[in-house]
Amino acid sequence: MIAVTGLGVVSAAGAGVAAHLAAAREDRSCLGPLEEALCAGLPVRFGGRVPDAALSPAPPGDRALRMALPALRECLANAPPALRRATGLCVGTGLGSMERTEEALSAPPADSRRLHPHAITRELAEATGLGGPLGTYTVTCASALFALDQACAEIARGRAQAMVCGGLETLSRTILGGFCALDALSRSAKPSAPAPRDGIVLGEGASFVHLEALSHAQRRGARPLALLAGRDLRCDGRHMTTPDPEGRGMALAARAALAEAGRTPTQVEAITLTADASPAYAAVYEHALSPLFGAAWRERASSWEPRLGHVLGASGALGLLHGALLVDGSLGPAPPRSVLALTVGFGGLNGAILLEGVAA
Amino acid sequence: MSATVRAWAHAQEAPRELEDRFAGRWDAKRAIHADLRPLVEAVAQATAAAGWWKEGAEVDAGLVVGVDLGGWGHALRFGEALAARGGQNPPPPLRPSLFLASLPSTPAATLGLLFGFPRCQATVNRLGLSGFAGIGYALDAIALERCERWVVAASTVVDRTLAARWGAAFADAPLPFRLATALCLEAGADLPRLARAEAEPPSGAEDPTLTTGLLEDLPASYRGLSAPSLLALGRALEGGRQLLVHREPCWRETAALAVEGTG
């Protein structure tokens with residue numbers, strides 16, 4: 001059994017788990033207007049931008065790294081140097097650092113390797129002393145699920161004592177322009193309460209979880225926050241961007257994650273969602289989850305995205321972190337014993353992860 | 001844990017009527033993107049040879065695609081189109097197809113549309129090591145019994161836009177360059193088979209086979225990239241028992257596979 005023993009996050013709510021818990025308790029929207037340089041000429045005006053104060057001061061000018069480093073350092077706060085040398089890092093990101101690519105439009109880069117998504121993974125590992133296996137996955141909004149796959153395999157196959165897996169995405173002009181071209185964004189002119197549900201509001205962020213075998217965590221005295229009890233992934237393969245409107249892949253993924261954990265739908269006490277502000281993905285969830293959990297399934301469901309925005313390649317990792325905080329009791333006095341963290345990606349990539357408390 | 005290689009194929013181009021093979025899954029009037037045609041052709045050849053696919057059917061297997069630089073040239077062109085919007089009123093429309101072509105996941109998503117792959121459509125992005133990393137991903141999933149059949153493919157595309165901004169690496173290379181390689185792996189002990197291995201062979205062991213040594217017919221600039229690495233693997237499967245080592249040229253990251261071929 002693999003346990004979650006560390007968490008770290010940076011998003012529009014700021015840097016650190018505490019900032020995110022505060023935003024959740026206050027039900028505070030962290031969305032705001034975007035800089036003109038980002039959205040000039042585009043029909044988008046607001047999103048979930050990471051505040052400057054939440055960014056690491058160095059290296060200057062490199063937003064992806066400055067955003068991800070504080071999250072990774074928080075995640076590794078209880079990992080001593082010797083363990084870090086035997087810990088690997090798997091990162092999911094939709095496009096990597098588009099800021100670096102955009103800079104390359106005006107001047108050739110000094111080191112072209114830094115334009116590649118894997119460069120971020122290497123730089124993060126080097127900055128934090130991680131010496132284990134590395135992996136970089138670029139599978140749109142489901143990227144972090146594939147990073148999780150490799151991370152779990154590295155531990156199960158004995159190639160790493162622990163793994164950090166997560167995701168990151170920065171809001172760039174390229175990404176905003178791309179989603180405008182796809183007509184996938186909310187047309188609302190400003191943030192509203194409740195958050196608009198006519199399309200996605202983009203955000204940015206980085207989210208990481210520290211994973212190790214439960215027995216390894218117990219031997220070193222690390223407190224498990226949650227257990228990965230089951231997980232599954234299904235792919236619709238019917239359209240480049242839109243999912244199966246019947247939600248069949250999501251239903252299969254959810255059922256398979258429950259089956260792996262030996263749980264029934266009635267034992268799932270909470271559900272976390274990503275991208276459900278998109279009408280297409282809201283329909284996926286409705287069709288997939290109503291037969292499993294009943295028509296009132298939304299009473300068990302929650303998402304941080306209405307407050308933070310949809311963080312693309314980091315969204316699966318943010319959902320995983322949200323779920324771990326739910327079962328850990330950080331978000332309320334009566335924590336759910338089982339949380340089903342659901343993630344969707346472009347074109348119908350459907351991921352389900354069942355998280356449980358240690359005593360479940 | 002080893003896996004049997006049921007079939008493999010590589011392609012640098014595809015027949016004109018490629019789209020016709022995917023009736024019901026693809027509108028034949030819409031051309032498959034030129035960068036993706038070799039990949040589609042290689043996967044079609046490999047899965048058909050393995051007996052896993054026939055026209056109109058779905059491949060019941062996991063898919064992992066290793067990409068290195070493909071898409072990045074399109075990302076640059078999309079960025080240029082965005083930059084140009086600032087000075088025009090009204091701004092010209094943005095092409096969604098250009099944005100999709102710039103996403104590293106689009107090759108796997110396209111293969112998903114054409115062949116199914118309901119269990120997994122992963123994209124590994126480790127530059128020249130992506131092909132071997134994809135093999136590793138599939139071998140782990142087989143060993144952990146998460147999915148017993150895999151198509152592992154790699155696509156290498158270097159176009160002029162990309163080459164112009166990627167330093168001197170492709171300065172003397174023929175452009176554009178497109179190559180795709182695909183292997184069908186499944187649980188089993190038949191030959192040929194392969195397994196993960198340490199990149200550094202134990203002392204006293206025979207010297208490893210370097211992938212570059214099996215790729216002398218390709219321009220040197222491309223031999224360290226991901227589709228060539230799997231082409232070398234396919235060729236090694238026709239040899240004997242060997243440790244095959246691939247070293248990507250950018251960070252000098254290395255991966256190795258223990259190959260037991262049919263030769």
# chains A, B, ... in the order shown; residues from 1 in each chain; ligands from 1

call {"tool": "interface_residues", "arguments": {"of": "chain B", "to": "chain A", "cutoff": "6 Å", "atoms": "only C-alpha atoms", "output": "mmCIF file with C-alpha atoms, in the first residue's frame"}}
result
data_model
loop_
_atom_site.group_PDB
_atom_site.id
_atom_site.type_symbol
_atom_site.label_atom_id
_atom_site.label_comp_id
_atom_site.auth_asym_id
_atom_site.auth_seq_id
_atom_site.Cartn_x
_atom_site.Cartn_y
_atom_site.Cartn_z
ATOM 1 C CA GLY B 79 3.146 32.078 -30.602
ATOM 2 C CA LEU B 94 -6.481 31.850 -34.208
ATOM 3 C CA PRO B 96 -7.321 25.721 -33.188
ATOM 4 C CA PHE B 99 -2.661 24.986 -31.163
ATOM 5 C CA SER B 105 -0.117 14.884 -26.340
ATOM 6 C CA GLY B 112 -6.434 7.040 -29.747
ATOM 7 C CA LEU B 113 -8.957 8.345 -32.260
ATOM 8 C CA GLY B 116 -8.906 3.104 -29.740
ATOM 9 C CA PRO B 118 -9.090 2.563 -24.257
ATOM 10 C CA ARG B 119 -6.765 1.500 -21.436
ATOM 11 C CA THR B 123 2.834 10.640 -23.569
ATOM 12 C CA VAL B 124 6.347 10.453 -22.139
ATOM 13 C CA ASN B 125 8.417 13.560 -22.700
ATOM 14 C CA ARG B 126 12.080 12.969 -21.867
ATOM 15 C CA ARG B 165 15.996 27.975 -32.746
ATOM 16 C CA TRP B 166 17.581 24.815 -31.377
#

call {"tool": "residues_around", "arguments": {"residues": "segment 240-245 of chain B", "least_positions_apart": "5", "cutoff": "8 Å", "atoms": "only C-alpha atoms", "output": "list in words"}}
result
Ala197, Ala199, Pro201, Asp207, Pro208, Thr209, Leu210, Thr211, Leu233, Thr254, Ala255, Ala256, Leu257, Ala258, Val259, Glu260, Gly261, Thr262 and Gly263 of chain B

call {"tool": "residues_around", "arguments": {"residues": "segment 65-74 of chain A", "least_positions_apart": "5", "cutoff": "7 Å", "atoms": "only C-alpha atoms", "output": "PyMOL selection string"}}
result
chain A and resi 7-10+15-16+55-59+120+124+128+168+205-208

call {"tool": "write_last_selection", "arguments": {"atoms": "N, CA and C atoms", "output": "PDB file, in the first residue's frame"}}
result
ATOM      1  N   LEU A   7       2.830  17.016   1.288  1.00  0.00           N
ATOM      2  CA  LEU A   7       2.056  17.782   0.311  1.00  0.00           C
ATOM      3  C   LEU A   7       2.684  19.151   0.127  1.00  0.00           C
ATOM      4  N   GLY A   8       2.569  19.683  -1.065  1.00  0.00           N
ATOM      5  CA  GLY A   8       3.027  21.047  -1.304  1.00  0.00           C
ATOM      6  C   GLY A   8       2.257  21.654  -2.457  1.00  0.00           C
ATOM      7  N   VAL A   9       1.936  22.932  -2.330  1.00  0.00           N
ATOM      8  CA  VAL A   9       1.093  23.530  -3.376  1.00  0.00           C
ATOM      9  C   VAL A   9       1.321  25.034  -3.462  1.00  0.00           C
ATOM     10  N   VAL A  10       1.256  25.519  -4.686  1.00  0.00           N
ATOM     11  CA  VAL A  10       1.240  26.961  -4.970  1.00  0.00           C
ATOM     12  C   VAL A  10       0.164  27.177  -6.034  1.00  0.00           C
ATOM     13  N   ALA A  15       1.081  30.490  -1.639  1.00  0.00           N
ATOM     14  CA  ALA A  15       2.019  29.377  -1.458  1.00  0.00           C
ATOM     15  C   ALA A  15       1.684  28.639  -0.179  1.00  0.00           C
ATOM     16  N   GLY A  16       1.596  27.329  -0.283  1.00  0.00           N
ATOM     17  CA  GLY A  16       1.465  26.500   0.899  1.00  0.00           C
ATOM     18  C   GLY A  16       0.075  25.965   1.143  1.00  0.00           C
ATOM     19  N   LEU A  55       5.744  33.387  -5.228  1.00  0.00           N
ATOM     20  CA  LEU A  55       6.796  32.833  -6.089  1.00  0.00           C
ATOM     21  C   LEU A  55       8.126  32.845  -5.362  1.00  0.00           C
ATOM     22  N   SER A  56       8.928  31.848  -5.632  1.00  0.00           N
ATOM     23  CA  SER A  56      10.296  31.839  -5.114  1.00  0.00           C
ATOM     24  C   SER A  56      11.068  33.014  -5.740  1.00  0.00           C
ATOM     25  N   PRO A  57      11.933  33.712  -4.967  1.00  0.00           N
ATOM     26  CA  PRO A  57      12.643  34.861  -5.547  1.00  0.00           C
ATOM     27  C   PRO A  57      13.616  34.486  -6.665  1.00  0.00           C
ATOM     28  N   ALA A  58      14.083  33.260  -6.682  1.00  0.00           N
ATOM     29  CA  ALA A  58      15.072  32.878  -7.702  1.00  0.00           C
ATOM     30  C   ALA A  58      14.626  31.579  -8.357  1.00  0.00           C
ATOM     31  N   PRO A  59      15.034  31.307  -9.577  1.00  0.00           N
ATOM     32  CA  PRO A  59      15.810  32.175 -10.455  1.00  0.00           C
ATOM     33  C   PRO A  59      14.923  33.267 -11.069  1.00  0.00           C
ATOM     34  N   ILE A 120      12.395  21.255 -16.757  1.00  0.00           N
ATOM     35  CA  ILE A 120      11.831  21.688 -15.477  1.00  0.00           C
ATOM     36  C   ILE A 120      11.976  20.576 -14.438  1.00  0.00           C
ATOM     37  N   LEU A 124      14.109  21.035 -11.043  1.00  0.00           N
ATOM     38  CA  LEU A 124      13.466  20.902  -9.731  1.00  0.00           C
ATOM     39  C   LEU A 124      14.174  19.842  -8.890  1.00  0.00           C
ATOM     40  N   THR A 128      16.407  20.507  -5.276  1.00  0.00           N
ATOM     41  CA  THR A 128      15.939  19.967  -4.001  1.00  0.00           C
ATOM     42  C   THR A 128      16.689  18.696  -3.580  1.00  0.00           C
ATOM     43  N   LEU A 168       2.442  20.823 -12.855  1.00  0.00           N
ATOM     44  CA  LEU A 168       2.596  22.279 -12.861  1.00  0.00           C
ATOM     45  C   LEU A 168       2.143  22.833 -14.205  1.00  0.00           C
ATOM     46  N   GLY A 205      -0.579  26.897 -11.395  1.00  0.00           N
ATOM     47  CA  GLY A 205      -0.179  26.387 -10.098  1.00  0.00           C
ATOM     48  C   GLY A 205       0.730  25.190 -10.227  1.00  0.00           C
ATOM     49  N   ALA A 206       1.210  24.767  -9.064  1.00  0.00           N
ATOM     50  CA  ALA A 206       2.015  23.548  -8.969  1.00  0.00           C
ATOM     51  C   ALA A 206       1.573  22.822  -7.716  1.00  0.00           C
ATOM     52  N   SER A 207       1.463  21.522  -7.817  1.00  0.00           N
ATOM     53  CA  SER A 207       1.014  20.733  -6.680  1.00  0.00           C
ATOM     54  C   SER A 207       1.794  19.420  -6.668  1.00  0.00           C
ATOM     55  N   PHE A 208       2.289  19.042  -5.496  1.00  0.00           N
ATOM     56  CA  PHE A 208       3.096  17.817  -5.396  1.00  0.00           C
ATOM     57  C   PHE A 208       2.651  16.986  -4.198  1.00  0.00           C
TER      58      PHE A 208
END

call {"tool": "closest_residue", "arguments": {"among": "B:Pro249, B:Pro174, B:Gly136, B:Gly167", "to": "Ser2 of chain B", "atoms": "only C-alpha atoms"}}
result
B:Gly136

call {"tool": "select_by_dssp", "arguments": {"residues": "segment 12-212 of chain A", "states": "strand (DSSP E)", "output": "JSON, numbers by chain"}}
result
{"A": [14, 15, 32, 33, 46, 47, 87, 88, 89, 90, 91, 92, 134, 135, 136, 137, 162, 163, 164, 165, 166, 167, 168, 169, 205, 206, 207, 208, 209, 210, 211, 212]}

call {"tool": "write_last_selection", "arguments": {"atoms": "C-alpha atoms", "output": "compact mmCIF listing (two decimals), in the first residue's frame"}}
result
# COMPACT_ATOMS: atom_id res chain seq x y z
CA GLY A 14 -0.82 31.62 -2.58
CA ALA A 15 2.02 29.38 -1.46
CA GLY A 32 -8.81 38.10 -10.53
CA PRO A 33 -8.05 40.23 -13.56
CA PHE A 46 -9.65 36.98 -15.65
CA GLY A 47 -8.13 33.85 -14.23
CA THR A 87 13.63 9.79 -4.00
CA GLY A 88 12.58 10.39 -7.58
CA LEU A 89 10.39 13.01 -9.20
CA CYS A 90 7.65 12.59 -11.80
CA VAL A 91 6.05 15.75 -13.17
CA GLY A 92 2.98 16.18 -15.31
CA LEU A 134 12.82 11.15 -13.08
CA GLY A 135 9.81 11.30 -15.37
CA THR A 136 7.97 13.95 -17.36
CA TYR A 137 4.50 13.42 -18.81
CA ALA A 162 10.03 7.38 -2.15
CA MET A 163 8.70 9.43 -5.04
CA VAL A 164 7.33 12.89 -5.47
CA CYS A 165 4.71 13.22 -8.12
CA GLY A 166 2.77 16.23 -9.18
CA GLY A 167 1.97 18.71 -11.85
CA LEU A 168 2.60 22.28 -12.86
CA GLU A 169 1.32 24.75 -15.39
CA GLY A 205 -0.18 26.39 -10.10
CA ALA A 206 2.01 23.55 -8.97
CA SER A 207 1.01 20.73 -6.68
CA PHE A 208 3.10 17.82 -5.40
CA VAL A 209 2.54 14.76 -3.21
CA HIS A 210 5.25 12.72 -1.47
CA LEU A 211 4.65 8.98 -1.81
CA GLU A 212 6.23 5.99 -0.13

call {"tool": "atom_distance", "arguments": {"atom1": "atom CA of Val67 of chain B", "atom2": "atom CA of Arg49 of chain A"}}
result
29.3 Å

call {"tool": "residues_around", "arguments": {"residues": "Gly131 of chain A", "least_positions_apart": "6", "cutoff": "10 Å", "atoms": "only C-alpha atoms", "output": "PDB file with N, CA and C atoms, in the first residue's frame"}}
result
ATOM      1  N   PRO A  81      17.825  14.628   3.957  1.00  0.00           N
ATOM      2  CA  PRO A  81      18.665  14.569   2.745  1.00  0.00           C
ATOM      3  C   PRO A  81      18.944  13.151   2.253  1.00  0.00           C
ATOM      4  N   ALA A  82      19.174  12.216   3.171  1.00  0.00           N
ATOM      5  CA  ALA A  82      19.483  10.850   2.727  1.00  0.00           C
ATOM      6  C   ALA A  82      18.301  10.243   1.985  1.00  0.00           C
ATOM      7  N   LEU A  83      17.109  10.509   2.469  1.00  0.00           N
ATOM      8  CA  LEU A  83      15.919   9.989   1.780  1.00  0.00           C
ATOM      9  C   LEU A  83      15.741  10.685   0.435  1.00  0.00           C
ATOM     10  N   ARG A  84      16.033  11.977   0.397  1.00  0.00           N
ATOM     11  CA  ARG A  84      15.887  12.701  -0.882  1.00  0.00           C
ATOM     12  C   ARG A  84      16.781  12.106  -1.962  1.00  0.00           C
ATOM     13  N   ARG A  85      17.946  11.646  -1.567  1.00  0.00           N
ATOM     14  CA  ARG A  85      18.863  11.079  -2.579  1.00  0.00           C
ATOM     15  C   ARG A  85      18.293   9.794  -3.175  1.00  0.00           C
ATOM     16  N   ALA A  86      17.386   9.140  -2.437  1.00  0.00           N
ATOM     17  CA  ALA A  86      16.770   7.904  -2.933  1.00  0.00           C
ATOM     18  C   ALA A  86      15.328   8.147  -3.390  1.00  0.00           C
ATOM     19  N   THR A  87      14.994   9.414  -3.595  1.00  0.00           N
ATOM     20  CA  THR A  87      13.631   9.788  -3.997  1.00  0.00           C
ATOM     21  C   THR A  87      13.639  10.329  -5.419  1.00  0.00           C
ATOM     22  N   GLY A  88      12.681   9.910  -6.196  1.00  0.00           N
ATOM     23  CA  GLY A  88      12.578  10.390  -7.580  1.00  0.00           C
ATOM     24  C   GLY A  88      11.474  11.419  -7.734  1.00  0.00           C
ATOM     25  N   LEU A  89      11.355  11.950  -8.934  1.00  0.00           N
ATOM     26  CA  LEU A  89      10.389  13.011  -9.203  1.00  0.00           C
ATOM     27  C   LEU A  89       9.716  12.772 -10.554  1.00  0.00           C
ATOM     28  N   ALA A 125      14.504  18.723  -9.515  1.00  0.00           N
ATOM     29  CA  ALA A 125      15.185  17.650  -8.781  1.00  0.00           C
ATOM     30  C   ALA A 125      16.551  18.123  -8.283  1.00  0.00           C
ATOM     31  N   ALA A 160      13.033   3.109  -6.095  1.00  0.00           N
ATOM     32  CA  ALA A 160      13.096   4.343  -5.304  1.00  0.00           C
ATOM     33  C   ALA A 160      12.490   4.072  -3.937  1.00  0.00           C
TER      34      ALA A 160
END
